[in-house]
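**Q** Structure in C-alpha cells, see below.
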Amino acid sequence: MDAVQRHRSMYKGTTPPWKETYRKRCVERLKNSRSRLLEKFRQMTDSSGDGKRSLLVQEVMEEEWSALKASHSLPSLWNGNPIPDVYTQQQEFDELSALEEIQQELIAQELAILEEYNNSMRYEEQYLDSVLEGMDQGGQIICPVCHANNLTVNSHFTMCSCGLYVNTIGRNVTSEVLQNFLERRVNEHMEDCLHNPSFSMAFNTDQSTNLMISCKVCDYLSVVL
C-alpha cells in the first residue's frame with residue numbers, strides 16, 4: 001500500500017481530530033480581524049473590485065493552520081497554495097472536506113459581517129441625510145434622541161420637546177457646529193463597530209447635562225455636546 005493509500009485509509013470516513021480546534025480558532029481570528037476585513041472591503045469598493053469573492057477567509061485559514069501546525073502534528077495541506085490547488089491534488093482526503101466545510105462557514109460569517117456593516121452604513125447615511133435635510137429646511141437639526149422633532153439651537157441652549165436639554169451658554173454652539181459634532185461622532189463610532197449607536201441626555205454631578213452617543217455592543221461612549 002503506497003503512502004497516498006495509507007493516508008486515505010487512515011482518515012477516510014472519519015472526522016480529523018484537529019477539525020473542531022481549527023474551526024474555532026479560524027472563527028475567532030476572523031471575528032477579531034473585523035477592522036482589517038472592513039478596510040479590505042472599503043478598498044475593494046473604492047477600486048470597484050469583485051464584490052463576490054472572499055476577502056479575508058483564505059488568509060485567516062492559512063494563518064491559523066500555520067499556528068496550529070506549530071503545536072500539533074498536522075498534515076501539510078497548504079504548501080503555500082490556495083485551497084483550489086490543494087483540492088485538485090488531494091480532493092478525496094477527509095482533511096480537505098473538513099477544510100472546505102470550515103471555509104464555507106467562514107465565508108458565510110464574512111458575508112454576515114459585511115451585510116451588517118452595509119446595514120449600519122445605510123442607517124448612518126439615512127440619519128445624516130435627515131440632519132442635512134433639517135439644515136436645508138430653515139437651519140434646523142432633527143433630534144438625534146427621538147428622531148421626530150427639530151432641535152432648538154441658540155446661544156443659550158439646545159433642546160427638544162422630547163426632553164433633551166443642554167445648556168450651551170458661552171460655547172458658541174450653532175446649528176452648523178452641532179451638525180459637525182454629530183457627524184464626527186457617528187463616523188468615529190463606525191470606524192470600529194458595525195452596530196447602530198444611540199443618543200441620550202446624561203446628567204453630570206453638578207446637574208448640568210450633555211448630549212451623549214453610546215453603543216451597547218462595543219461600549220463606545222462619547223460626548224457630542
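The way I read the labels, and the way they are meant: chains A, B, ... in the order of the C-alpha cells, residue 1 as the first residue of every chain, and ligand 1 as the first ligand shown, with later ones counted on from there.
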Tell me which protein, DNA and RNA residues are within 10 Å of A:Arg34, counting only C-alpha atoms, leaving out same-chain ones fewer than 3 positions away, and put them as a PyMOL selection string.
**A** chain A and resi 29-31+37-40+56+110+113-114+192-194
**Q** Keeping only C-alpha atoms, write the selected residues to a file as a CSV table (one decimal), in the first residue's frame.
**A**
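Contents of selection-v6.csv, freshly written:
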chain,number,residue,atom,x,y,z
A,29,ARG,CA,-9.5,35.1,14.2
A,30,LEU,CA,-12.0,36.3,11.6
A,31,LYS,CA,-14.1,37.9,14.3
A,37,LEU,CA,-11.9,42.9,6.8
A,38,LEU,CA,-13.8,46.2,6.7
A,39,GLU,CA,-10.7,48.0,5.5
A,40,LYS,CA,-10.2,45.5,2.7
A,56,LEU,CA,-10.1,37.5,4.3
A,110,GLU,CA,-17.6,37.1,6.5
A,113,ILE,CA,-20.2,40.9,8.9
A,114,LEU,CA,-20.2,42.8,5.6
A,192,ASP,CA,-14.7,50.2,14.7
A,193,CYS,CA,-18.3,49.0,15.2
A,194,LEU,CA,-21.0,47.8,12.9
**Q** So that I can check the secondary structure, give me every residue of stretch 81-218 of chain A assigned helix (DSSP H, G or I) by backbone DSSP, as number ranges by chain.
**A** A: 83-90, 94-136, 175-190
**Q** Go ahead and write the selection's residues with C-alpha atoms as an mmCIF file, in the first residue's frame.
**A**
data_model
loop_
_atom_site.group_PDB
_atom_site.id
_atom_site.type_symbol
_atom_site.label_atom_id
_atom_site.label_comp_id
_atom_site.auth_asym_id
_atom_site.auth_seq_id
_atom_site.Cartn_x
_atom_site.Cartn_y
_atom_site.Cartn_z
ATOM 1 C CA ILE A 83 -7.386 25.917 -1.432
ATOM 2 C CA PRO A 84 -8.475 25.177 -5.035
ATOM 3 C CA ASP A 85 -4.976 23.951 -5.907
ATOM 4 C CA VAL A 86 -4.847 21.653 -2.892
ATOM 5 C CA TYR A 87 -8.298 20.312 -3.702
ATOM 6 C CA THR A 88 -7.106 19.396 -7.175
ATOM 7 C CA GLN A 89 -4.189 17.429 -5.746
ATOM 8 C CA GLN A 90 -5.871 15.723 -2.771
ATOM 9 C CA ASP A 94 -11.284 13.874 4.591
ATOM 10 C CA GLU A 95 -8.980 16.645 5.791
ATOM 11 C CA LEU A 96 -9.810 18.633 2.694
ATOM 12 C CA SER A 97 -13.524 18.033 3.145
ATOM 13 C CA ALA A 98 -13.150 19.417 6.657
ATOM 14 C CA LEU A 99 -11.260 22.420 5.320
ATOM 15 C CA GLU A 100 -13.930 23.075 2.714
ATOM 16 C CA GLU A 101 -16.651 22.878 5.369
ATOM 17 C CA ILE A 102 -14.791 25.336 7.585
ATOM 18 C CA GLN A 103 -14.106 27.594 4.620
ATOM 19 C CA GLN A 104 -17.812 27.775 3.762
ATOM 20 C CA GLU A 105 -18.686 28.580 7.372
ATOM 21 C CA LEU A 106 -16.108 31.394 7.419
ATOM 22 C CA ILE A 107 -17.325 32.785 4.100
ATOM 23 C CA ALA A 108 -20.867 32.888 5.499
ATOM 24 C CA GLN A 109 -19.578 34.665 8.612
ATOM 25 C CA GLU A 110 -17.625 37.137 6.498
ATOM 26 C CA LEU A 111 -20.692 37.906 4.392
ATOM 27 C CA ALA A 112 -22.760 38.400 7.555
ATOM 28 C CA ILE A 113 -20.213 40.917 8.886
ATOM 29 C CA LEU A 114 -20.242 42.832 5.609
ATOM 30 C CA GLU A 115 -24.044 42.772 5.417
ATOM 31 C CA GLU A 116 -24.248 44.127 8.964
ATOM 32 C CA TYR A 117 -21.742 46.815 8.023
ATOM 33 C CA ASN A 118 -23.777 47.783 4.961
ATOM 34 C CA ASN A 119 -26.945 47.978 7.057
ATOM 35 C CA SER A 120 -25.203 50.234 9.561
ATOM 36 C CA MET A 121 -23.861 52.385 6.762
ATOM 37 C CA ARG A 122 -27.380 52.787 5.417
ATOM 38 C CA TYR A 123 -28.558 53.788 8.895
ATOM 39 C CA GLU A 124 -25.764 56.339 9.183
ATOM 40 C CA GLU A 125 -26.489 57.737 5.739
ATOM 41 C CA GLN A 126 -30.201 57.984 6.477
ATOM 42 C CA TYR A 127 -29.597 59.806 9.742
ATOM 43 C CA LEU A 128 -27.003 62.165 8.302
ATOM 44 C CA ASP A 129 -29.291 62.801 5.342
ATOM 45 C CA SER A 130 -32.030 63.721 7.804
ATOM 46 C CA VAL A 131 -29.620 66.100 9.523
ATOM 47 C CA LEU A 132 -28.764 67.737 6.217
ATOM 48 C CA GLU A 133 -32.413 67.896 5.225
ATOM 49 C CA GLY A 134 -33.180 69.539 8.540
ATOM 50 C CA MET A 135 -30.476 72.121 7.909
ATOM 51 C CA ASP A 136 -31.955 72.800 4.495
ATOM 52 C CA SER A 175 -26.780 74.508 14.167
ATOM 53 C CA GLU A 176 -23.772 74.154 11.874
ATOM 54 C CA VAL A 177 -21.454 73.449 14.816
ATOM 55 C CA LEU A 178 -23.820 70.864 16.298
ATOM 56 C CA GLN A 179 -24.274 69.198 12.935
ATOM 57 C CA ASN A 180 -20.486 68.801 12.630
ATOM 58 C CA PHE A 181 -20.307 67.356 16.162
ATOM 59 C CA LEU A 182 -22.959 64.770 15.315
ATOM 60 C CA GLU A 183 -21.350 63.717 12.046
ATOM 61 C CA ARG A 184 -17.913 63.442 13.658
ATOM 62 C CA ARG A 185 -19.094 61.194 16.495
ATOM 63 C CA VAL A 186 -21.171 58.919 14.241
ATOM 64 C CA ASN A 187 -18.228 58.456 11.869
ATOM 65 C CA GLU A 188 -15.829 57.853 14.762
ATOM 66 C CA HIS A 189 -18.025 55.059 16.117
ATOM 67 C CA MET A 190 -18.492 53.482 12.685
#
**Q** If I take atom CA of A:Ser161 and atom CA of A:Leu211, how far is one from the other in Å, to one decimal?
**A**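 Taking atom CA of A:Ser161 and atom CA of A:Leu211, their separation equals 14.5 Å.
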**Q** Work out how far apart atom CA of A:Ser155 and atom CA of A:Thr174 are and give it in Å to one decimal.
**A**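 Atom CA of A:Thr174 lies 7.2 Å from atom CA of A:Ser155.
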**Q** Taking 2 positions as the minimum chain separation for residues in the same chain, which residues sit within 6 Å of stretch 196-198 of chain A when counting only C-alpha atoms? Answer as a list in words.
**A** Ile213, Ser214 and Cys215 of chain A
**Q** From the options A:Cys143, A:Leu151, A:Leu225, A:Glu28, which residue's atoms come nearest to A:Thr209, counting only C-alpha atoms?
**A**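 Of the candidates, the smallest distance to A:Thr209 is held by A:Leu225.
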**Q** Could you please determine the separation between atom CA of A:Met159 and atom CA of A:Glu191 in Å, to one decimal place?
**A** 28.5 Å
